[in-house]
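Structure file query.pdb (PDB, C-alpha atoms, pLDDT in the B column) follows.
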MODEL        1
ATOM      1  CA  MET A   1      75.972  37.771 -74.133  1.00 52.00           C
ATOM      2  CA  THR A   2      79.157  39.737 -73.422  1.00 49.00           C
ATOM      3  CA  ALA A   3      81.259  39.017 -70.377  1.00 48.00           C
ATOM      4  CA  MET A   4      81.710  41.727 -67.791  1.00 45.00           C
ATOM      5  CA  PRO A   5      85.268  43.057 -67.680  1.00 48.00           C
ATOM      6  CA  GLU A   6      87.132  41.837 -64.626  1.00 53.00           C
ATOM      7  CA  LEU A   7      87.800  44.569 -62.098  1.00 61.00           C
ATOM      8  CA  SER A   8      91.432  44.840 -61.097  1.00 77.00           C
ATOM      9  CA  ALA A   9      92.338  44.461 -57.443  1.00 84.00           C
ATOM     10  CA  PRO A  10      93.867  47.437 -55.671  1.00 91.00           C
ATOM     11  CA  ARG A  11      97.624  47.472 -55.200  1.00 96.00           C
ATOM     12  CA  ILE A  12      98.702  48.639 -51.731  1.00 97.00           C
ATOM     13  CA  ARG A  13     102.119  50.153 -51.145  1.00 98.00           C
ATOM     14  CA  THR A  14     103.907  52.558 -48.810  1.00 98.00           C
ATOM     15  CA  ALA A  15     103.539  56.198 -49.803  1.00 98.00           C
ATOM     16  CA  ARG A  16     106.393  58.134 -51.376  1.00 98.00           C
ATOM     17  CA  SER A  17     107.090  61.871 -51.216  1.00 97.00           C
ATOM     18  CA  ALA A  18     106.041  62.068 -54.876  1.00 97.00           C
ATOM     19  CA  ASP A  19     102.497  60.980 -53.853  1.00 98.00           C
ATOM     20  CA  ALA A  20     101.837  64.235 -51.970  1.00 97.00           C
ATOM     21  CA  GLU A  21      99.780  65.928 -54.708  1.00 97.00           C
ATOM     22  CA  ALA A  22      97.706  62.836 -55.492  1.00 97.00           C
ATOM     23  CA  LEU A  23      96.999  62.184 -51.811  1.00 98.00           C
ATOM     24  CA  ALA A  24      96.077  65.813 -51.193  1.00 97.00           C
ATOM     25  CA  LEU A  25      93.622  65.552 -54.086  1.00 96.00           C
ATOM     26  CA  VAL A  26      92.118  62.363 -52.597  1.00 97.00           C
ATOM     27  CA  ASP A  27      91.679  64.251 -49.318  1.00 94.00           C
ATOM     28  CA  ARG A  28      89.925  67.178 -51.003  1.00 95.00           C
ATOM     29  CA  LEU A  29      87.684  65.013 -53.195  1.00 96.00           C
ATOM     30  CA  THR A  30      86.604  62.771 -50.322  1.00 96.00           C
ATOM     31  CA  TRP A  31      85.995  65.493 -47.728  1.00 94.00           C
ATOM     32  CA  SER A  32      82.567  65.037 -46.173  1.00 92.00           C
ATOM     33  CA  PRO A  33      80.822  66.025 -42.946  1.00 85.00           C
ATOM     34  CA  LEU A  34      80.158  62.286 -42.550  1.00 86.00           C
ATOM     35  CA  HIS A  35      83.749  61.790 -41.419  1.00 89.00           C
ATOM     36  CA  ALA A  36      85.542  65.154 -41.228  1.00 92.00           C
ATOM     37  CA  VAL A  37      85.745  67.298 -38.110  1.00 94.00           C
ATOM     38  CA  THR A  38      87.777  69.959 -39.893  1.00 91.00           C
ATOM     39  CA  PRO A  39      86.300  72.556 -42.259  1.00 91.00           C
ATOM     40  CA  GLU A  40      86.172  71.764 -45.973  1.00 91.00           C
ATOM     41  CA  PRO A  41      89.612  72.422 -47.464  1.00 91.00           C
ATOM     42  CA  GLU A  42      90.014  75.673 -49.359  1.00 92.00           C
ATOM     43  CA  PRO A  43      92.991  77.184 -51.192  1.00 92.00           C
ATOM     44  CA  PRO A  44      95.739  77.686 -50.364  1.00 93.00           C
ATOM     45  CA  TYR A  45      95.871  74.015 -49.425  1.00 93.00           C
ATOM     46  CA  LYS A  46      98.190  72.773 -46.705  1.00 91.00           C
ATOM     47  CA  PRO A  47     100.824  70.210 -47.728  1.00 94.00           C
ATOM     48  CA  PHE A  48      99.645  66.616 -47.337  1.00 95.00           C
ATOM     49  CA  PHE A  49     102.888  65.538 -45.670  1.00 97.00           C
ATOM     50  CA  ASP A  50     104.348  67.469 -42.736  1.00 94.00           C
ATOM     51  CA  GLU A  51     106.613  66.791 -39.750  1.00 92.00           C
ATOM     52  CA  ARG A  52     103.850  64.796 -38.006  1.00 91.00           C
ATOM     53  CA  HIS A  53     102.581  62.920 -41.086  1.00 93.00           C
ATOM     54  CA  VAL A  54     105.411  61.535 -43.196  1.00 97.00           C
ATOM     55  CA  PRO A  55     105.134  59.255 -46.263  1.00 98.00           C
ATOM     56  CA  ALA A  56     106.158  56.178 -44.226  1.00 97.00           C
ATOM     57  CA  ASP A  57     102.991  56.625 -42.099  1.00 97.00           C
ATOM     58  CA  HIS A  58     100.751  56.107 -45.134  1.00 98.00           C
ATOM     59  CA  LEU A  59      99.732  53.128 -47.209  1.00 98.00           C
ATOM     60  CA  VAL A  60      98.461  54.023 -50.664  1.00 98.00           C
ATOM     61  CA  ALA A  61      95.897  52.166 -52.758  1.00 98.00           C
ATOM     62  CA  GLU A  62      96.304  52.208 -56.529  1.00 96.00           C
ATOM     63  CA  LEU A  63      93.981  50.978 -59.237  1.00 91.00           C
ATOM     64  CA  ASP A  64      95.424  50.886 -62.738  1.00 88.00           C
ATOM     65  CA  ASP A  65      98.513  52.808 -61.525  1.00 89.00           C
ATOM     66  CA  ARG A  66      96.385  55.665 -60.172  1.00 94.00           C
ATOM     67  CA  VAL A  67      96.256  56.664 -56.481  1.00 97.00           C
ATOM     68  CA  ILE A  68      92.663  56.228 -55.305  1.00 97.00           C
ATOM     69  CA  GLY A  69      92.992  56.016 -51.542  1.00 97.00           C
ATOM     70  CA  TYR A  70      95.158  55.838 -48.469  1.00 98.00           C
ATOM     71  CA  VAL A  71      95.261  54.906 -44.813  1.00 98.00           C
ATOM     72  CA  ARG A  72      97.368  56.761 -42.236  1.00 98.00           C
ATOM     73  CA  LEU A  73      98.852  54.497 -39.551  1.00 98.00           C
ATOM     74  CA  ALA A  74     100.657  56.199 -36.685  1.00 96.00           C
ATOM     75  CA  LEU A  75     101.607  55.999 -33.049  1.00 96.00           C
ATOM     76  CA  PRO A  76      98.717  57.343 -30.951  1.00 96.00           C
ATOM     77  CA  THR A  77     101.149  59.161 -28.624  1.00 95.00           C
ATOM     78  CA  SER A  78     104.894  59.744 -28.324  1.00 94.00           C
ATOM     79  CA  LEU A  79     105.015  57.850 -24.991  1.00 97.00           C
ATOM     80  CA  ALA A  80     107.283  54.794 -24.838  1.00 96.00           C
ATOM     81  CA  CYS A  81     104.713  52.983 -22.665  1.00 97.00           C
ATOM     82  CA  ASN A  82     102.209  53.305 -25.566  1.00 96.00           C
ATOM     83  CA  ALA A  83     104.563  52.195 -28.355  1.00 96.00           C
ATOM     84  CA  HIS A  84     102.848  48.806 -28.678  1.00 98.00           C
ATOM     85  CA  VAL A  85      99.717  50.480 -30.129  1.00 98.00           C
ATOM     86  CA  ARG A  86      99.123  51.827 -33.627  1.00 98.00           C
ATOM     87  CA  GLN A  87      96.240  54.053 -34.617  1.00 98.00           C
ATOM     88  CA  ILE A  88      94.466  54.514 -37.923  1.00 98.00           C
ATOM     89  CA  GLN A  89      94.356  58.299 -38.196  1.00 97.00           C
ATOM     90  CA  GLY A  90      92.768  58.612 -41.601  1.00 96.00           C
ATOM     91  CA  LEU A  91      91.226  56.470 -44.320  1.00 97.00           C
ATOM     92  CA  ALA A  92      90.026  57.882 -47.632  1.00 96.00           C
ATOM     93  CA  VAL A  93      88.936  56.237 -50.881  1.00 97.00           C
ATOM     94  CA  LEU A  94      87.791  57.993 -54.044  1.00 97.00           C
ATOM     95  CA  ASP A  95      84.262  57.185 -55.243  1.00 93.00           C
ATOM     96  CA  GLU A  96      85.626  55.046 -58.092  1.00 90.00           C
ATOM     97  CA  GLY A  97      87.215  52.716 -55.528  1.00 88.00           C
ATOM     98  CA  ARG A  98      84.141  52.283 -53.366  1.00 87.00           C
ATOM     99  CA  GLY A  99      82.489  48.905 -53.512  1.00 86.00           C
ATOM    100  CA  ARG A 100      85.661  47.416 -54.980  1.00 89.00           C
ATOM    101  CA  GLY A 101      87.282  46.345 -51.714  1.00 93.00           C
ATOM    102  CA  VAL A 102      89.750  49.235 -51.595  1.00 95.00           C
ATOM    103  CA  GLY A 103      88.871  50.379 -48.069  1.00 96.00           C
ATOM    104  CA  ARG A 104      88.967  46.801 -46.789  1.00 96.00           C
ATOM    105  CA  ALA A 105      92.322  46.188 -48.510  1.00 96.00           C
ATOM    106  CA  LEU A 106      93.740  49.334 -46.891  1.00 98.00           C
ATOM    107  CA  ILE A 107      92.519  48.284 -43.435  1.00 98.00           C
ATOM    108  CA  ARG A 108      93.966  44.792 -43.832  1.00 98.00           C
ATOM    109  CA  ALA A 109      97.268  46.245 -45.044  1.00 98.00           C
ATOM    110  CA  ALA A 110      97.305  48.577 -42.017  1.00 98.00           C
ATOM    111  CA  LEU A 111      96.739  45.613 -39.686  1.00 98.00           C
ATOM    112  CA  GLU A 112      99.592  43.729 -41.327  1.00 98.00           C
ATOM    113  CA  GLU A 113     101.900  46.769 -41.214  1.00 98.00           C
ATOM    114  CA  ALA A 114     101.072  47.342 -37.531  1.00 98.00           C
ATOM    115  CA  ARG A 115     101.960  43.706 -36.810  1.00 98.00           C
ATOM    116  CA  ARG A 116     105.183  44.070 -38.805  1.00 97.00           C
ATOM    117  CA  GLN A 117     106.073  47.072 -36.635  1.00 97.00           C
ATOM    118  CA  GLY A 118     105.580  44.960 -33.514  1.00 97.00           C
ATOM    119  CA  ALA A 119     102.266  46.432 -32.387  1.00 98.00           C
ATOM    120  CA  ARG A 120      99.946  44.380 -30.192  1.00 98.00           C
ATOM    121  CA  ARG A 121      96.832  46.506 -30.700  1.00 98.00           C
ATOM    122  CA  ILE A 122      95.322  48.940 -33.153  1.00 98.00           C
ATOM    123  CA  THR A 123      92.766  51.677 -32.516  1.00 98.00           C
ATOM    124  CA  LEU A 124      90.851  54.343 -34.396  1.00 98.00           C
ATOM    125  CA  ARG A 125      88.246  57.047 -33.913  1.00 97.00           C
ATOM    126  CA  VAL A 126      85.155  57.337 -36.086  1.00 97.00           C
ATOM    127  CA  LEU A 127      82.169  59.641 -35.994  1.00 97.00           C
ATOM    128  CA  GLY A 128      79.051  58.020 -34.612  1.00 97.00           C
ATOM    129  CA  HIS A 129      76.950  58.863 -37.670  1.00 95.00           C
ATOM    130  CA  ASN A 130      79.443  57.298 -40.109  1.00 95.00           C
ATOM    131  CA  THR A 131      77.610  53.990 -40.347  1.00 95.00           C
ATOM    132  CA  PRO A 132      79.385  52.683 -43.488  1.00 93.00           C
ATOM    133  CA  ALA A 133      82.821  53.123 -41.901  1.00 95.00           C
ATOM    134  CA  ARG A 134      81.723  51.649 -38.584  1.00 97.00           C
ATOM    135  CA  LYS A 135      80.317  48.560 -40.319  1.00 97.00           C
ATOM    136  CA  LEU A 136      83.521  48.119 -42.296  1.00 96.00           C
ATOM    137  CA  TYR A 137      85.678  48.398 -39.166  1.00 98.00           C
ATOM    138  CA  GLU A 138      83.419  45.996 -37.263  1.00 98.00           C
ATOM    139  CA  SER A 139      83.649  43.473 -40.113  1.00 98.00           C
ATOM    140  CA  GLU A 140      87.444  43.610 -39.695  1.00 98.00           C
ATOM    141  CA  GLY A 141      87.299  42.827 -35.970  1.00 98.00           C
ATOM    142  CA  PHE A 142      87.185  46.301 -34.431  1.00 98.00           C
ATOM    143  CA  VAL A 143      84.860  46.769 -31.456  1.00 98.00           C
ATOM    144  CA  VAL A 144      83.565  49.907 -29.778  1.00 98.00           C
ATOM    145  CA  GLU A 145      85.694  50.574 -26.711  1.00 98.00           C
ATOM    146  CA  GLY A 146      84.277  53.945 -25.799  1.00 98.00           C
ATOM    147  CA  VAL A 147      81.997  56.769 -26.884  1.00 98.00           C
ATOM    148  CA  LEU A 148      82.347  60.484 -26.247  1.00 98.00           C
ATOM    149  CA  PRO A 149      78.727  61.610 -26.599  1.00 98.00           C
ATOM    150  CA  GLU A 150      78.076  64.773 -28.623  1.00 98.00           C
ATOM    151  CA  GLU A 151      81.823  65.464 -28.805  1.00 97.00           C
ATOM    152  CA  PHE A 152      81.593  67.473 -32.030  1.00 96.00           C
ATOM    153  CA  LEU A 153      79.165  70.077 -33.351  1.00 95.00           C
ATOM    154  CA  LEU A 154      79.102  69.503 -37.116  1.00 93.00           C
ATOM    155  CA  GLY A 155      76.670  71.268 -39.406  1.00 89.00           C
ATOM    156  CA  GLY A 156      74.475  72.223 -36.464  1.00 93.00           C
ATOM    157  CA  GLU A 157      74.261  68.627 -35.174  1.00 94.00           C
ATOM    158  CA  TYR A 158      76.009  67.107 -32.185  1.00 97.00           C
ATOM    159  CA  VAL A 159      77.922  63.969 -33.171  1.00 97.00           C
ATOM    160  CA  ASP A 160      79.465  61.236 -31.020  1.00 98.00           C
ATOM    161  CA  ASP A 161      83.174  60.380 -31.247  1.00 98.00           C
ATOM    162  CA  VAL A 162      83.447  56.579 -31.214  1.00 98.00           C
ATOM    163  CA  PHE A 163      86.685  54.919 -30.125  1.00 98.00           C
ATOM    164  CA  MET A 164      87.247  51.455 -31.628  1.00 98.00           C
ATOM    165  CA  GLY A 165      90.071  48.965 -31.268  1.00 98.00           C
ATOM    166  CA  ARG A 166      91.171  45.398 -31.673  1.00 98.00           C
ATOM    167  CA  PRO A 167      94.076  43.164 -30.727  1.00 98.00           C
ATOM    168  CA  LEU A 168      96.603  42.170 -33.357  1.00 98.00           C
TER     169      LEU A 168
ENDMDL
END

Let me see the file written as structure tokens.
Amino acid sequence: MTAMPELSAPRIRTARSADAEALALVDRLTWSPLHAVTPEPEPPYKPFFDERHVPADHLVAELDDRVIGYVRLALPTSLACNAHVRQIQGLAVLDEGRGRGVGRALIRAALEEARRQGARRITLRVLGHNTPARKLYESEGFVVEGVLPEEFLLGGEYVDDVFMGRPL
């Protein structure tokens, strides 16, 4: 009987400007109506990083030195009275990273980074029909704090926008 090869754990790090192409590819390859409210990306593609989404706002997951996912962690608003909150504004993992703990590792790294930045709470928005993501977030301590019923019309179906959060 041959032993199964051990799967390597994902390495999580802060994004660098040089990651832009790899992260843009992750975004395009993971686009799905299950989680996206924007149309499927088509050429010419917009840059991954811009003035609102800089490398420092992203944690990158690597497996075997290859970018396979990211989480975007940002301030929910520019208001000083809201500076104690961070928001997950994107999480994407390539198929090869699914079931290997990559999404969970990214969420945990985002929680730790939010704490490091002095945040007291973290929030996110997820589509109501995205059951796998909702279960993952719930398993990491997020709870539903509000629902905007039928907020989006996606593929001819009305979909709820679910607001989740947790203390840090």

- Item | Output check: residues returned by the PyMOL selection byres ((chain A and resi 28-31) around 12), as a ChimeraX atom specification | /A:21-27,32-43,45-48,68-70,90-98

- Matched chain/residue IDs from the PyMOL selection byres ((chain A and resi 105-119) around 7), as a list in words: Ile12, Ala61, Tyr70, Val71, Leu73, His84, Val85, Arg86, Gly101, Val102, Gly103, Arg104, Arg120, Arg121 and Leu168 of chain A

- Item | Selection near segment 136-147 of chain A, 10 Å with all atoms listed in the file, sequence-local residues under 4 positions removed, as a list in words | Gly103, Arg104, Ile107, Arg108, Leu111, Ile122, Thr123, Leu124, Arg125, Val126, Leu127, Gly128, Thr131, Pro132, Glu151, Asp160, Asp161, Val162, Phe163, Met164, Gly165, Arg166, Pro167 and Leu168 of chain A

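Here the question is which of A:Leu153, A:Ala80, A:Val67, A:Ala20 gets nearest to Val54 of chain A using only C-alpha atoms, and that residue is A:Ala20.
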
- Message: From the options A:Lys135, A:Arg52, A:His58, A:Arg100, which residue's atoms come nearest to Thr77 of chain A, counting all atoms listed in the file?
- Response: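 Of all the options, A:Arg52 lies closest to Thr77 of chain A.
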
- Item | Distance in Å - atom CA of Val60 of chain A versus atom CA of Arg134 of chain A |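 Result for atom CA of Val60 of chain A versus atom CA of Arg134 of chain A: 20.8 Å, one decimal.
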
Would you give the centre and edge lengths, in Å to one decimal, of a box along x, y and z around the listed atoms of segment 122-139 of chain A, with 3 Å added to each side, as AutoDock Vina command-line options?
--center_x 86.1 --center_y 51.6 --center_z -38.0 --size_x 24.4 --size_y 22.2 --size_z 17.0

Applying 9 Å and only C-alpha atoms, which residues near Pro76 of chain A remain after dropping the ones on its own chain fewer than 2 positions away? List them as a CSV table (one decimal) with C-alpha atoms, in the coordinates of the input.
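New file out.csv:
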chain,number,residue,atom,x,y,z
A,74,ALA,CA,100.7,56.2,-36.7
A,78,SER,CA,104.9,59.7,-28.3
A,79,LEU,CA,105.0,57.8,-25.0
A,82,ASN,CA,102.2,53.3,-25.6
A,83,ALA,CA,104.6,52.2,-28.4
A,85,VAL,CA,99.7,50.5,-30.1
A,86,ARG,CA,99.1,51.8,-33.6
A,87,GLN,CA,96.2,54.1,-34.6
A,88,ILE,CA,94.5,54.5,-37.9
A,89,GLN,CA,94.4,58.3,-38.2
A,123,THR,CA,92.8,51.7,-32.5

- Interatomic distance, atom CA of Glu62 of chain A to atom CA of Ser17 of chain A (Å, one decimal):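 Here the two named atoms are 15.4 Å from each other.
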
- Message: If I take atom CA of Ala56 of chain A and atom CA of Ala9 of chain A, how far is one from the other in Å, to one decimal?
- Response: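 Interatomic distance here is 22.4 Å.
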